[in-house]
Amino acid sequence: MHVRVQAEPFDFGAECGAFAAGRCDAGAVVSFAGIVRDRRGGGLEAMEIEHYPGMTERAIAGIAAEAVRRWSLADVLVIHRHGRLPPGEVIMMVATAAAHRAAAFAAAEFLMDYLKSRAPFWKKEIAADGAAWVAARDEDEAALSRW
Amino acid sequence: MHVRVQAEPFDFGAECGAFAAGRCDAGAVVSFAGIVRDRRGGGLEAMEIEHYPGMTERAIAGIAAEAVRRWSLADVLVIHRHGRLPPGEVIMMVATAAAHRAAAFAAAEFLMDYLKSRAPFWKKEIAADGAAWVAARDEDEAALSRW
Amino acid sequence: MIEVLYFAWVRERVGRPRERVETSAATVAGLVEELRARGEGHAAAFADTAALRVALDQDLAEFDAPLAGVREVAFFPPMTGG
Amino acid sequence: MIEVLYFAWVRERVGRPRERVETSAATVAGLVEELRARGEGHAAAFADTAALRVALDQDLAEFDAPLAGVREVAFFPPMTGG
């Protein structure tokens, strides 16, 4: 189980490659990348990601431990950035490895649902005409009820 | 929509990186890698993957087109190898990109469920003490009914 | 003339990957009856058609599907891709 | 003395990321009442606690949770990670 919270960029492809490399124990690897998306179709200068140092690592580790408890996983990786990120940049990723794909997919979705709404990060969109905090989406909160 | 059926190895990490790179249109990228797993915990020499040239590409393209029809996807990638693969080697991958994670996850799972049971590939496990065709799993067939 | 293809253990039992077949069968099931009569290997391959899948001109089909106009028939076990 | 932390727009409205608070409040809700009285910024930040989340010593909690023994209280909007 690997959890990293960092300001520095990371190489999503390299992380996926390293995570999947030489696994004879797991037939299935699922990865997710969250990318800074320009929802307005141009005009977004950056996404500013604030976090709660200390609680962030603690919350993510707790969510990852719960995933390991629920599914038979060979490995879990979570990386989440904070600070100022330009459009197109990878904000965060999760990866899961399991014997079968159902567990790998379910665990990755579980991790994402909980990271979205239970890990202390807040996004602010910075545009030329102003800045605005991203509002939590009702469907993100609702997604937790399925687990 | 990109579909590749090939005997040659491919670099799963590099494919994930290239697929996610510079996307300002999609906030979510999901990838899956299927890896040659030694189910017996040692003794597997290789996985031999037979396919039906012509029908394979046709079936995968049809499955990918159905995914694009069902979900709003910015992009889809499917790569599937055939031939003789050692344990730990990546057999195949799918990747999906969408505005939101729910569509990216659902489309990736849909692609995997259909590729498992509707694309003409057959796996044979080659071990020192003999070779055996991998039997289709009932749960793989059952997984199709959820879509 | 129809091109008949075999894959995986169906190919191994029949002993060849493909053959050209002269048939007047109206359906896949009729063709299977004719193929069974070709010898022990064929009979073993087609012993239980419930364990088999069929594709007509590279599209999955049922065993009661008509053969009219079909150029390529393939028989194989349930697929195990991914 | 309790360390009180603010994040995102709560921090912006209060005008600072953290402050030390002397309190005898029994619960988070009691602390919120005291904080509201600290000025306009605080009042704006705590105008609608339904829009807020609270963590006690870095674990999510409810507003009726007791404060006894707590060293660090954080207030913030619903999280938007991932």
# chains A, B, ... in the order shown; residues from 1 in each chain; ligands from 1
>>> closest_atom_pairs(of="chain B", to="chain C", cutoff="7 Å", atoms="only C-alpha atoms", output="CSV")
residue,atom,partner,partner_atom,distance
B:Gly34,CA,C:Gly82,CA,6.2
B:Glu50,CA,C:Ala8,CA,6.9
B:Met55,CA,C:Gln58,CA,4.9
B:Met92,CA,C:Gly82,CA,6.2
B:Met112,CA,C:Gly82,CA,6.4
B:Leu115,CA,C:Gly82,CA,5.7
B:Lys116,CA,C:Gly81,CA,4.4
B:Ser117,CA,C:Met79,CA,5.1
B:Arg118,CA,C:Met79,CA,6.4
B:Ala119,CA,C:Gly81,CA,6.4
B:Pro120,CA,C:Met79,CA,5.6
B:Phe121,CA,C:Gly81,CA,4.7
B:Trp122,CA,C:Thr80,CA,4.9
B:Lys123,CA,C:Thr80,CA,6.1
B:Ala136,CA,C:Thr80,CA,5.7
>>> select_by_dssp(residues="range 9-53 of chain A", states="alpha helix (DSSP H)", output="PyMOL selection string")
chain A and resi 12-20
>>> write_last_selection(atoms="N, CA, C and O atoms", output="tab-separated table (two decimals), in the first residue's frame")
chain	number	residue	atom	x	y	z
A	12	PHE	N	2.35	9.89	-14.66
A	12	PHE	CA	1.27	8.91	-14.57
A	12	PHE	C	1.61	7.62	-15.32
A	12	PHE	O	1.43	6.51	-14.80
A	13	GLY	N	2.12	7.76	-16.53
A	13	GLY	CA	2.48	6.58	-17.32
A	13	GLY	C	3.54	5.73	-16.64
A	13	GLY	O	3.41	4.51	-16.54
A	14	ALA	N	4.58	6.39	-16.15
A	14	ALA	CA	5.66	5.66	-15.48
A	14	ALA	C	5.15	4.96	-14.23
A	14	ALA	O	5.54	3.82	-13.92
A	15	GLU	N	4.24	5.62	-13.50
A	15	GLU	CA	3.68	5.00	-12.29
A	15	GLU	C	2.85	3.77	-12.66
A	15	GLU	O	2.91	2.75	-11.98
A	16	CYS	N	2.05	3.88	-13.72
A	16	CYS	CA	1.25	2.73	-14.17
A	16	CYS	C	2.16	1.58	-14.58
A	16	CYS	O	1.92	0.42	-14.23
A	17	GLY	N	3.19	1.91	-15.34
A	17	GLY	CA	4.11	0.89	-15.82
A	17	GLY	C	4.80	0.17	-14.67
A	17	GLY	O	4.87	-1.06	-14.63
A	18	ALA	N	5.29	0.95	-13.71
A	18	ALA	CA	5.99	0.36	-12.57
A	18	ALA	C	5.04	-0.48	-11.72
A	18	ALA	O	5.40	-1.54	-11.20
A	19	PHE	N	3.80	0.01	-11.58
A	19	PHE	CA	2.81	-0.69	-10.74
A	19	PHE	C	2.47	-2.06	-11.33
A	19	PHE	O	2.27	-3.03	-10.60
A	20	ALA	N	2.38	-2.12	-12.67
A	20	ALA	CA	1.98	-3.37	-13.34
A	20	ALA	C	3.16	-4.30	-13.59
A	20	ALA	O	2.96	-5.49	-13.87
>>> calpha_fit_and_write(fixed="chain C", moving="chain D", output="CSV table (one decimal) with N, CA, C and O atoms, in the first residue's frame")
chain,number,residue,atom,x,y,z
D,1,MET,N,-19.3,-24.2,-51.9
D,1,MET,CA,-18.2,-24.4,-51.0
D,1,MET,C,-18.1,-23.4,-49.8
D,1,MET,O,-18.2,-22.2,-50.1
D,2,ILE,N,-18.0,-24.0,-48.7
D,2,ILE,CA,-17.9,-23.1,-47.5
D,2,ILE,C,-16.5,-23.4,-46.8
D,2,ILE,O,-16.0,-24.5,-46.8
D,3,GLU,N,-15.9,-22.3,-46.4
D,3,GLU,CA,-14.6,-22.4,-45.6
D,3,GLU,C,-15.0,-22.6,-44.2
D,3,GLU,O,-15.7,-21.8,-43.6
D,4,VAL,N,-14.5,-23.7,-43.6
D,4,VAL,CA,-14.8,-24.0,-42.2
D,4,VAL,C,-13.5,-23.8,-41.4
D,4,VAL,O,-12.5,-24.4,-41.7
D,5,LEU,N,-13.6,-23.0,-40.3
D,5,LEU,CA,-12.4,-22.7,-39.5
D,5,LEU,C,-12.6,-23.3,-38.1
D,5,LEU,O,-13.7,-23.3,-37.6
D,6,TYR,N,-11.5,-23.8,-37.5
D,6,TYR,CA,-11.6,-24.3,-36.1
D,6,TYR,C,-10.5,-23.6,-35.3
D,6,TYR,O,-9.4,-23.3,-35.7
D,7,PHE,N,-10.9,-23.4,-34.0
D,7,PHE,CA,-9.9,-22.7,-33.1
D,7,PHE,C,-9.9,-23.4,-31.8
D,7,PHE,O,-10.8,-24.2,-31.4
D,8,ALA,N,-8.7,-23.2,-31.1
D,8,ALA,CA,-8.5,-23.8,-29.8
D,8,ALA,C,-8.6,-25.3,-29.8
D,8,ALA,O,-8.1,-26.0,-30.7
D,9,TRP,N,-9.3,-25.9,-28.7
D,9,TRP,CA,-9.4,-27.3,-28.7
D,9,TRP,C,-10.2,-27.9,-29.8
D,9,TRP,O,-10.1,-29.1,-30.1
D,10,VAL,N,-11.1,-27.2,-30.4
D,10,VAL,CA,-11.8,-27.7,-31.5
D,10,VAL,C,-10.9,-28.0,-32.7
D,10,VAL,O,-10.9,-29.0,-33.3
D,11,ARG,N,-10.0,-27.0,-32.9
D,11,ARG,CA,-8.9,-27.2,-33.9
D,11,ARG,C,-8.0,-28.4,-33.6
D,11,ARG,O,-7.7,-29.2,-34.5
D,12,GLU,N,-7.7,-28.5,-32.3
D,12,GLU,CA,-6.8,-29.7,-31.9
D,12,GLU,C,-7.5,-31.0,-32.2
D,12,GLU,O,-6.9,-32.0,-32.6
D,13,ARG,N,-8.8,-31.1,-31.8
D,13,ARG,CA,-9.5,-32.3,-32.0
D,13,ARG,C,-9.7,-32.7,-33.5
D,13,ARG,O,-9.5,-33.8,-33.9
D,14,VAL,N,-10.1,-31.7,-34.2
D,14,VAL,CA,-10.3,-31.9,-35.7
D,14,VAL,C,-9.0,-32.2,-36.3
D,14,VAL,O,-8.9,-33.0,-37.3
D,15,GLY,N,-7.9,-31.6,-35.8
D,15,GLY,CA,-6.6,-31.9,-36.4
D,15,GLY,C,-6.1,-31.0,-37.5
D,15,GLY,O,-5.1,-31.2,-38.1
D,16,ARG,N,-6.9,-30.0,-37.7
D,16,ARG,CA,-6.5,-29.0,-38.7
D,16,ARG,C,-7.2,-27.7,-38.4
D,16,ARG,O,-8.2,-27.6,-37.7
D,17,PRO,N,-6.6,-26.5,-38.9
D,17,PRO,CA,-7.2,-25.2,-38.6
D,17,PRO,C,-8.4,-24.8,-39.5
D,17,PRO,O,-9.2,-24.0,-39.1
D,18,ARG,N,-8.4,-25.4,-40.7
D,18,ARG,CA,-9.5,-25.1,-41.6
D,18,ARG,C,-9.6,-26.1,-42.7
D,18,ARG,O,-8.7,-26.9,-42.9
D,19,GLU,N,-10.8,-26.1,-43.3
D,19,GLU,CA,-11.0,-27.0,-44.4
D,19,GLU,C,-12.1,-26.5,-45.3
D,19,GLU,O,-13.0,-25.7,-44.8
D,20,ARG,N,-12.1,-26.8,-46.6
D,20,ARG,CA,-13.2,-26.4,-47.5
D,20,ARG,C,-14.2,-27.5,-47.5
D,20,ARG,O,-13.8,-28.7,-47.6
D,21,VAL,N,-15.5,-27.2,-47.4
D,21,VAL,CA,-16.5,-28.2,-47.3
D,21,VAL,C,-17.6,-27.9,-48.3
D,21,VAL,O,-18.1,-26.8,-48.4
D,22,GLU,N,-17.9,-29.0,-49.0
D,22,GLU,CA,-19.1,-28.9,-49.9
D,22,GLU,C,-20.3,-29.4,-49.1
D,22,GLU,O,-20.3,-30.5,-48.6
D,23,THR,N,-21.3,-28.5,-49.0
D,23,THR,CA,-22.4,-28.9,-48.2
D,23,THR,C,-23.7,-28.4,-48.8
D,23,THR,O,-23.8,-27.4,-49.5
D,24,SER,N,-24.8,-29.1,-48.5
D,24,SER,CA,-26.1,-28.6,-48.9
D,24,SER,C,-26.9,-28.4,-47.6
D,24,SER,O,-28.2,-28.3,-47.7
D,25,ALA,N,-26.3,-28.4,-46.5
D,25,ALA,CA,-27.0,-28.2,-45.2
D,25,ALA,C,-27.7,-26.8,-45.2
D,25,ALA,O,-27.1,-25.8,-45.7
D,26,ALA,N,-28.9,-26.8,-44.6
D,26,ALA,CA,-29.6,-25.5,-44.6
D,26,ALA,C,-29.2,-24.7,-43.4
D,26,ALA,O,-29.3,-23.4,-43.4
D,27,THR,N,-28.8,-25.3,-42.3
D,27,THR,CA,-28.4,-24.6,-41.1
D,27,THR,C,-27.1,-25.0,-40.6
D,27,THR,O,-26.5,-26.0,-41.0
D,28,VAL,N,-26.6,-24.3,-39.6
D,28,VAL,CA,-25.3,-24.6,-38.9
D,28,VAL,C,-25.5,-26.1,-38.3
D,28,VAL,O,-24.5,-26.9,-38.5
D,29,ALA,N,-26.6,-26.3,-37.7
D,29,ALA,CA,-26.8,-27.6,-37.1
D,29,ALA,C,-26.7,-28.8,-38.1
D,29,ALA,O,-26.1,-29.8,-37.9
D,30,GLY,N,-27.2,-28.5,-39.3
D,30,GLY,CA,-27.1,-29.5,-40.4
D,30,GLY,C,-25.7,-29.7,-40.8
D,30,GLY,O,-25.2,-30.8,-41.0
D,31,LEU,N,-24.9,-28.6,-40.9
D,31,LEU,CA,-23.5,-28.7,-41.2
D,31,LEU,C,-22.7,-29.5,-40.2
D,31,LEU,O,-21.9,-30.3,-40.5
D,32,VAL,N,-23.1,-29.3,-38.9
D,32,VAL,CA,-22.4,-30.0,-37.8
D,32,VAL,C,-22.6,-31.5,-38.0
D,32,VAL,O,-21.7,-32.3,-37.8
D,33,GLU,N,-23.9,-31.9,-38.3
D,33,GLU,CA,-24.2,-33.3,-38.5
D,33,GLU,C,-23.2,-33.9,-39.6
D,33,GLU,O,-22.7,-35.0,-39.4
D,34,GLU,N,-23.1,-33.2,-40.7
D,34,GLU,CA,-22.2,-33.6,-41.8
D,34,GLU,C,-20.7,-33.7,-41.3
D,34,GLU,O,-20.0,-34.7,-41.6
D,35,LEU,N,-20.3,-32.7,-40.6
D,35,LEU,CA,-18.9,-32.7,-40.1
D,35,LEU,C,-18.6,-33.9,-39.2
D,35,LEU,O,-17.5,-34.5,-39.2
D,36,ARG,N,-19.6,-34.1,-38.3
D,36,ARG,CA,-19.4,-35.2,-37.3
D,36,ARG,C,-19.1,-36.6,-38.0
D,36,ARG,O,-18.3,-37.4,-37.5
D,37,ALA,N,-19.6,-36.7,-39.2
D,37,ALA,CA,-19.5,-38.0,-39.9
D,37,ALA,C,-18.1,-38.1,-40.6
D,37,ALA,O,-17.8,-39.1,-41.2
D,38,ARG,N,-17.3,-37.0,-40.5
D,38,ARG,CA,-16.0,-37.0,-41.2
D,38,ARG,C,-14.9,-37.8,-40.6
D,38,ARG,O,-13.9,-38.0,-41.2
D,39,GLY,N,-15.1,-38.2,-39.3
D,39,GLY,CA,-14.1,-39.1,-38.7
D,39,GLY,C,-14.1,-38.9,-37.2
D,39,GLY,O,-14.9,-38.1,-36.6
D,40,GLU,N,-13.2,-39.6,-36.5
D,40,GLU,CA,-13.2,-39.6,-35.0
D,40,GLU,C,-12.9,-38.2,-34.5
D,40,GLU,O,-13.5,-37.8,-33.5
D,41,GLY,N,-11.9,-37.5,-35.1
D,41,GLY,CA,-11.5,-36.2,-34.6
D,41,GLY,C,-12.7,-35.2,-34.7
D,41,GLY,O,-13.0,-34.5,-33.7
D,42,HIS,N,-13.3,-35.2,-35.8
D,42,HIS,CA,-14.5,-34.3,-36.0
D,42,HIS,C,-15.6,-34.7,-35.0
D,42,HIS,O,-16.2,-33.9,-34.3
D,43,ALA,N,-15.8,-36.0,-34.8
D,43,ALA,CA,-16.9,-36.5,-33.9
D,43,ALA,C,-16.6,-36.0,-32.5
D,43,ALA,O,-17.5,-35.6,-31.7
D,44,ALA,N,-15.3,-36.1,-32.1
D,44,ALA,CA,-14.9,-35.7,-30.7
D,44,ALA,C,-15.1,-34.2,-30.6
D,44,ALA,O,-15.5,-33.7,-29.6
D,45,ALA,N,-14.7,-33.4,-31.6
D,45,ALA,CA,-14.8,-32.0,-31.6
D,45,ALA,C,-16.3,-31.5,-31.4
D,45,ALA,O,-16.6,-30.6,-30.7
D,46,PHE,N,-17.2,-32.2,-32.1
D,46,PHE,CA,-18.6,-31.8,-32.1
D,46,PHE,C,-19.5,-32.7,-31.2
D,46,PHE,O,-20.7,-32.7,-31.4
D,47,ALA,N,-18.9,-33.4,-30.3
D,47,ALA,CA,-19.6,-34.3,-29.4
D,47,ALA,C,-20.7,-33.5,-28.6
D,47,ALA,O,-21.8,-34.0,-28.4
D,48,ASP,N,-20.3,-32.3,-28.2
D,48,ASP,CA,-21.3,-31.5,-27.4
D,48,ASP,C,-21.3,-30.1,-27.9
D,48,ASP,O,-20.5,-29.3,-27.5
D,49,THR,N,-22.3,-29.8,-28.7
D,49,THR,CA,-22.3,-28.5,-29.3
D,49,THR,C,-22.7,-27.4,-28.3
D,49,THR,O,-22.5,-26.2,-28.5
D,50,ALA,N,-23.2,-27.8,-27.1
D,50,ALA,CA,-23.5,-26.8,-26.1
D,50,ALA,C,-22.2,-26.2,-25.6
D,50,ALA,O,-22.2,-25.1,-25.0
D,51,ALA,N,-21.1,-26.9,-25.8
D,51,ALA,CA,-19.8,-26.4,-25.4
D,51,ALA,C,-19.1,-25.6,-26.5
D,51,ALA,O,-18.0,-25.1,-26.3
D,52,LEU,N,-19.8,-25.4,-27.6
D,52,LEU,CA,-19.2,-24.7,-28.7
D,52,LEU,C,-19.9,-23.4,-29.0
D,52,LEU,O,-21.0,-23.2,-28.7
D,53,ARG,N,-19.2,-22.6,-29.7
D,53,ARG,CA,-19.7,-21.3,-30.3
D,53,ARG,C,-19.5,-21.3,-31.8
D,53,ARG,O,-18.6,-22.0,-32.3
D,54,VAL,N,-20.3,-20.6,-32.5
D,54,VAL,CA,-20.1,-20.6,-34.0
D,54,VAL,C,-20.2,-19.1,-34.5
D,54,VAL,O,-21.0,-18.3,-33.9
D,55,ALA,N,-19.4,-18.8,-35.5
D,55,ALA,CA,-19.5,-17.5,-36.1
D,55,ALA,C,-19.7,-17.7,-37.6
D,55,ALA,O,-19.1,-18.6,-38.2
D,56,LEU,N,-20.6,-16.9,-38.2
D,56,LEU,CA,-20.9,-17.0,-39.6
D,56,LEU,C,-20.3,-15.7,-40.2
D,56,LEU,O,-20.7,-14.6,-39.8
D,57,ASP,N,-19.4,-15.8,-41.1
D,57,ASP,CA,-18.7,-14.7,-41.7
D,57,ASP,C,-18.3,-13.7,-40.7
D,57,ASP,O,-18.5,-12.5,-40.8
D,58,GLN,N,-17.7,-14.2,-39.6
D,58,GLN,CA,-17.1,-13.5,-38.5
D,58,GLN,C,-18.0,-12.7,-37.6
D,58,GLN,O,-17.6,-11.8,-36.9
D,59,ASP,N,-19.3,-13.1,-37.6
D,59,ASP,CA,-20.2,-12.6,-36.6
D,59,ASP,C,-20.7,-13.8,-35.8
D,59,ASP,O,-21.1,-14.9,-36.4
D,60,LEU,N,-20.8,-13.7,-34.5
D,60,LEU,CA,-21.4,-14.8,-33.7
D,60,LEU,C,-22.8,-15.1,-34.1
D,60,LEU,O,-23.6,-14.2,-34.5
D,61,ALA,N,-23.1,-16.4,-34.1
D,61,ALA,CA,-24.5,-16.8,-34.5
D,61,ALA,C,-24.9,-18.0,-33.7
D,61,ALA,O,-24.2,-18.5,-32.8
D,62,GLU,N,-26.2,-18.4,-33.9
D,62,GLU,CA,-26.7,-19.5,-33.2
D,62,GLU,C,-26.6,-20.8,-34.1
D,62,GLU,O,-26.5,-20.7,-35.3
D,63,PHE,N,-26.8,-22.0,-33.5
D,63,PHE,CA,-26.7,-23.2,-34.3
D,63,PHE,C,-27.9,-23.4,-35.2
D,63,PHE,O,-27.8,-24.3,-36.1
D,64,ASP,N,-29.0,-22.7,-35.0
D,64,ASP,CA,-30.1,-22.9,-35.9
D,64,ASP,C,-30.1,-21.8,-37.0
D,64,ASP,O,-31.1,-21.7,-37.8
D,65,ALA,N,-29.0,-21.1,-37.1
D,65,ALA,CA,-29.0,-20.0,-38.1
D,65,ALA,C,-28.8,-20.7,-39.5
D,65,ALA,O,-28.2,-21.7,-39.7
D,66,PRO,N,-29.5,-20.0,-40.6
D,66,PRO,CA,-29.4,-20.6,-41.9
D,66,PRO,C,-28.0,-20.3,-42.5
D,66,PRO,O,-27.3,-19.4,-42.2
D,67,LEU,N,-27.6,-21.2,-43.4
D,67,LEU,CA,-26.2,-21.1,-44.0
D,67,LEU,C,-26.2,-20.4,-45.3
D,67,LEU,O,-25.2,-20.2,-45.9
D,68,ALA,N,-27.4,-20.1,-45.9
D,68,ALA,CA,-27.5,-19.5,-47.2
D,68,ALA,C,-26.7,-18.3,-47.3
D,68,ALA,O,-26.8,-17.4,-46.5
D,69,GLY,N,-25.8,-18.3,-48.3
D,69,GLY,CA,-25.0,-17.1,-48.6
D,69,GLY,C,-23.7,-17.0,-47.7
D,69,GLY,O,-22.9,-16.1,-47.9
D,70,VAL,N,-23.6,-17.9,-46.7
D,70,VAL,CA,-22.4,-17.8,-45.8
D,70,VAL,C,-21.2,-18.4,-46.5
D,70,VAL,O,-21.2,-19.4,-47.1
D,71,ARG,N,-20.1,-17.7,-46.4
D,71,ARG,CA,-18.8,-18.2,-47.0
D,71,ARG,C,-17.9,-18.7,-46.0
D,71,ARG,O,-17.1,-19.6,-46.3
D,72,GLU,N,-18.0,-18.3,-44.7
D,72,GLU,CA,-17.0,-18.7,-43.7
D,72,GLU,C,-17.7,-19.1,-42.4
D,72,GLU,O,-18.4,-18.2,-41.9
D,73,VAL,N,-17.5,-20.3,-42.0
D,73,VAL,CA,-18.1,-20.7,-40.7
D,73,VAL,C,-17.0,-21.1,-39.8
D,73,VAL,O,-16.0,-21.8,-40.2
D,74,ALA,N,-17.0,-20.6,-38.5
D,74,ALA,CA,-15.9,-20.9,-37.6
D,74,ALA,C,-16.6,-21.5,-36.3
D,74,ALA,O,-17.6,-21.1,-35.8
D,75,PHE,N,-15.9,-22.6,-35.8
D,75,PHE,CA,-16.3,-23.3,-34.6
D,75,PHE,C,-15.2,-23.1,-33.6
D,75,PHE,O,-14.0,-23.3,-33.9
D,76,PHE,N,-15.6,-22.9,-32.4
D,76,PHE,CA,-14.6,-22.7,-31.3
D,76,PHE,C,-15.3,-22.8,-29.9
D,76,PHE,O,-16.5,-22.7,-29.8
D,77,PRO,N,-14.5,-23.0,-28.9
D,77,PRO,CA,-15.0,-23.0,-27.5
D,77,PRO,C,-15.4,-21.6,-27.1
D,77,PRO,O,-15.0,-20.6,-27.7
D,78,PRO,N,-16.1,-21.4,-25.9
D,78,PRO,CA,-16.4,-20.1,-25.4
D,78,PRO,C,-15.0,-19.3,-25.3
D,78,PRO,O,-14.0,-19.9,-24.9
D,79,MET,N,-15.1,-18.0,-25.6
D,79,MET,CA,-13.9,-17.2,-25.7
D,79,MET,C,-13.4,-16.9,-24.3
D,79,MET,O,-14.1,-16.8,-23.3
D,80,THR,N,-12.0,-16.7,-24.2
D,80,THR,CA,-11.4,-16.4,-22.9
D,80,THR,C,-10.4,-15.3,-23.2
D,80,THR,O,-9.2,-15.4,-22.8
D,81,GLY,N,-10.8,-14.2,-23.7
D,81,GLY,CA,-9.9,-13.1,-23.9
D,81,GLY,C,-9.7,-12.2,-22.7
D,81,GLY,O,-10.1,-12.6,-21.6
D,82,GLY,N,-9.2,-11.1,-22.9
D,82,GLY,CA,-9.0,-10.1,-21.8
D,82,GLY,C,-7.9,-10.4,-20.9
D,82,GLY,O,-7.2,-11.4,-21.0
>>> atom_distance(atom1="CA of Ile79 in chain B", atom2="CA of Ile91 in chain B")
8.5 Å
>>> interface_residues(of="chain A", to="chain B", cutoff="7 Å", atoms="only C-alpha atoms", output="list in words")
Phe12, Gly13, Ala14, Cys16, Gly17, Gly22, Arg23, Cys24, Asp25, Ala26, Gly27, Ala28, Val29, Val30, Ser31, Phe32, Ala33, Gly34, Ile35, Val36, Arg37, Asp38, Pro87, Gly88 and Glu89 of chain A
>>> write_last_selection(atoms="C-alpha atoms", output="CSV table (one decimal), in the first residue's frame")
chain,number,residue,atom,x,y,z
A,12,PHE,CA,1.3,8.9,-14.6
A,13,GLY,CA,2.5,6.6,-17.3
A,14,ALA,CA,5.7,5.7,-15.5
A,16,CYS,CA,1.2,2.7,-14.2
A,17,GLY,CA,4.1,0.9,-15.8
A,22,GLY,CA,6.5,-8.1,-13.2
A,23,ARG,CA,3.2,-9.0,-11.4
A,24,CYS,CA,2.8,-12.7,-11.5
A,25,ASP,CA,0.4,-12.6,-8.5
A,26,ALA,CA,-2.3,-10.4,-10.0
A,27,GLY,CA,-4.0,-10.8,-13.3
A,28,ALA,CA,-5.7,-7.4,-13.2
A,29,VAL,CA,-4.5,-3.9,-12.8
A,30,VAL,CA,-6.9,-0.9,-12.8
A,31,SER,CA,-5.7,2.7,-12.8
A,32,PHE,CA,-7.5,6.0,-12.6
A,33,ALA,CA,-6.1,9.5,-13.4
A,34,GLY,CA,-7.9,12.7,-12.5
A,35,ILE,CA,-6.9,15.5,-14.8
A,36,VAL,CA,-7.3,19.3,-14.6
A,37,ARG,CA,-10.2,19.8,-17.0
A,38,ASP,CA,-11.2,23.1,-18.5
A,87,PRO,CA,-5.1,22.4,-17.4
A,88,GLY,CA,-4.3,18.9,-18.7
A,89,GLU,CA,-2.1,18.1,-15.7
>>> closest_residue(among="B:Gly83, B:Arg58, B:Ala67, B:Tyr52", to="Gln6 in chain B", atoms="only C-alpha atoms")
B:Gly83
>>> atom_distance(atom1="CA of His80 in chain A", atom2="CA of Ala7 in chain A")
8.4 Å
>>> atom_distance(atom1="CA of Val134 in chain B", atom2="CA of Ala46 in chain B")
12.4 Å
